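Worksheet for the structure shown next.
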Amino acid sequence: KWAVMCLLLRSGFHLMVVLLELPEMHQMMRQTCRDYADRELGPIAGKLDKEHLFPAQQVRELGAMGVMAVEVPEALGGAGMDYLAYSLAVEEISRGCGSTGCVVSVNNSLYIGPILKFGTQKQKEQWITPFTTGEKVGCFALSEPGNGSDAGAASTLARQEGEEWVLNGTKAWITNSWDASATVIFATTDKSLKHKGISAFLVPMPHPGLSLGKKEDKLGIRATSTANLILEDCRIPLGNMLGSRGSGFKIAMQTLDSGRIGIASQALGIAQAALDCAADYAHKRTAFGAPIGKLQAVQFKLADMAVAVESARLLTWKAAMLKDAKKPFTKEAAMAKLAASEAATFCGHQSIQVLGGMGYVTDMPAERHYRDARITEIYEGTSEIQRLVIAGQLLKEYAS
Amino acid sequence: MSRVLVGVKRVIDYAVKIRVKPDQSGVVTDGVKHSMNPFCEIAVEEAVKLKEKKFIKEVVAVSCGPSQVTETIRTALAMGCDRGIHVEVSGKDYEAMGPLQISKIFAALAKKEEASLVILGKQAIDDDCNQTGQMTAALLDWPQGTFASEVTIDGETVKVVREIDGGLETIKISMPAVLTADLRLNTPRYATLPNIMKAKKKKIANMKPADLGVDMVSRVEVLRVDEPPTRLAGVKVETVDDLVAKLKANGTI
């Protein structure tokens, strides 16, 4: 306990104070996102899910609020806030609609994130500013049919021909693909260098030589589009390389580190929505002559759900604050993503259980939260990969 | 220099289930979620829109109460108001505070700030008084456009469409004037993230009612607060004649 206290104090007394109560600006920001989610997303989330509809108007409205580019400096068209604010925004939006939260997270962390960190000023103006308003969203193409967790094995190739890069290959499971206007995409430029031979590129969409596979029919987050990106002699200017040649793997891994906090936040929103649904039902549904919230079996479930969500939330906030303080946060981000995604699937499951038969039908949102939660344990690093990352960091700390 | 004062009241959030205190002196407010009165949000939105259309230069958000009301003023700033005024009222004075005291404060501020318009919500959702706007206008001897569902500024006059029982009434009043916002006047904007950041830098001035020469003594004493009676089940009747007979029998008609 002493070690934890000292760690907290070293990270700044501020960190401990923030964990107790958010600063005023963050509270206001959280409230405005919550109001938007309650009034504009909650009422339509069921329809978006049922009809697989991309929330284009809502994304534009969120863009106008600054939510599509939270961390982007104002000079580039963003809200100029910190990662803690971003985490709060994604959680509140996801609480209203898990799919919309995913779109917000992918645009902020996976598309804008790497360009903000590794792009030139010109690239930032060209590829970030138009994507802050909600008029355009981006996507992130790393996974391939042949490799997901095994990101170093990228078989998409990029060869230089004169003043152009020519890309060939297929990317799989790309979120936002059918709705995106650009992608950050990873391809091998030097096969002999293995994962140090991967580079990152910026490709506009649509673009000659880039086509989309069929939209996947998913279990959850159905308002988002997921498909393959197929590159057949896709030509882009040399200036479209992001970062230096061979730094693609590093860019991907660092982007995913931050993206994990975004997905953890999305999972928190879904978990909280599931908990809210169950707790509300426990007040209203009566059985054996009283509201079911009086029964210990139900109380224990609600308590376990609340602990799972709150502890994952504190891990997520801590990871965000470490990132904001420019301290290492890889381990904490992986812990947050692991805890939050497992909290989401747990709460989704238990919420249906509390609702009984009503939890199984589409009249109540519990079944949608259950389905939306499931992906959070898979994308942006499976729970298994998160465990490897955490263990790797831990063992480094304990090495003599 | 056209300036508008907007009143924003911190009230218990509309979605909260209200509970009466055990001593029946009022309702439970400790630890309960509070937010800006919905009609005040509409008032702020209208003022900010008038500024965006360049009819007015500055919007000043005003709230009366203890330190917590600064949160409400900041929300108004985040919606686009230029600066705020916090009139500090706490303790017994705050509990007893009502439309008469508030309207005296607003009248004093309207003169001090040389406001062309005072825009308020038509009523607060906690006390539902629907008096402050009217009293403020009377104290200032200014014209009033209450229950406004449409406001159009034309030079030194304001055209106000008012929602009244019989329908809509259109009046033309000269400025300076007091307006109160009704539900359909506009749809309040969400505070954007950049505006929340900007609100941090906007000033909120602090003052006490005494600084404005206002005495907060209340002429009203709350004797008791009760829960509304539980709603009883209704009775179904077969025909209109039965209905009329029943209403006559219990003395309703």
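The chains in the structure tokens are called A, B, ... from first to last as shown; in each chain the residues are counted from 1, and the ligands are counted from 1 in the order shown.
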Rows by chain and residue number, chain B within 6 Å of chain A, shortest pair, only C-alpha atoms, as JSON lines:
```
{"residue": "B:Thr192", "atom": "CA", "partner": "A:Met65", "partner_atom": "CA", "distance": 4.1}
{"residue": "B:Leu193", "atom": "CA", "partner": "A:Gly66", "partner_atom": "CA", "distance": 5.4}
{"residue": "B:Pro194", "atom": "CA", "partner": "A:Ala79", "partner_atom": "CA", "distance": 4.7}
```
Can I get the selection written as a JSON list (two decimals), in the first residue's frame, with N, CA, C and O atoms?
```json
[["chain", "number", "residue", "atom", "x", "y", "z"],
["B", 192, "THR", "N", -20.23, 23.22, -26.66],
["B", 192, "THR", "CA", -19.19, 22.50, -27.40],
["B", 192, "THR", "C", -17.93, 22.45, -26.56],
["B", 192, "THR", "O", -17.72, 23.29, -25.68],
["B", 193, "LEU", "N", -17.08, 21.48, -26.86],
["B", 193, "LEU", "CA", -15.84, 21.33, -26.10],
["B", 193, "LEU", "C", -14.95, 22.57, -26.21],
["B", 193, "LEU", "O", -14.44, 23.05, -25.19],
["B", 194, "PRO", "N", -14.74, 23.12, -27.41],
["B", 194, "PRO", "CA", -13.93, 24.34, -27.48],
["B", 194, "PRO", "C", -14.53, 25.48, -26.64],
["B", 194, "PRO", "O", -13.78, 26.23, -26.01]]
```
**Request:** Please provide as a count of residues only all residues within 9 Å of region 179-191 of chain B, with the sequence filter that same-chain residues fewer than 5 positions apart are discarded (counting only C-alpha atoms).
**Result:** 45
**Message:** Under the rule that only C-alpha atoms are counted, which of A:Ser211, A:Thr120, A:Asn176, A:Asn168 is the nearest residue to Asn107 (chain A)?
**Reply:** A:Asn176
**Request:** Determine, counting only C-alpha atoms, which protein, DNA and RNA residues have an atom within 10 Å of an atom of Lys171 (chain A); residues of the same chain fewer than 2 positions away are not included. Present the result as a list in words.
**Result:**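 Returned residues: Phe140, Ala141, Leu142, Ser143, Glu144, Pro145, Gly146, Asn147, Gly148, Ala154, Ser155, Thr156, Asn168, Gly169, Trp173, Ile174, Ile185, Phe186, Ala187, Leu212, Gly213, Ala227, Asn228, Leu229, Ile230 and Leu231 of chain A.
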**Request:** Could you give me the residues within region 23-238 of chain B that DSSP places in strand (DSSP E or B), as a VMD selection string?
**Result:** chain B and resid 27 34 to 36 58 to 65 83 to 88 117 to 121 144 to 154 157 to 164 167 to 174 177 to 181 204 to 207
**Fill in**
With distances taken over only C-alpha atoms, the candidate from B:Val158, B:Leu232, B:Met216, B:Val11 nearest Ser63 (chain B) is B:Val11
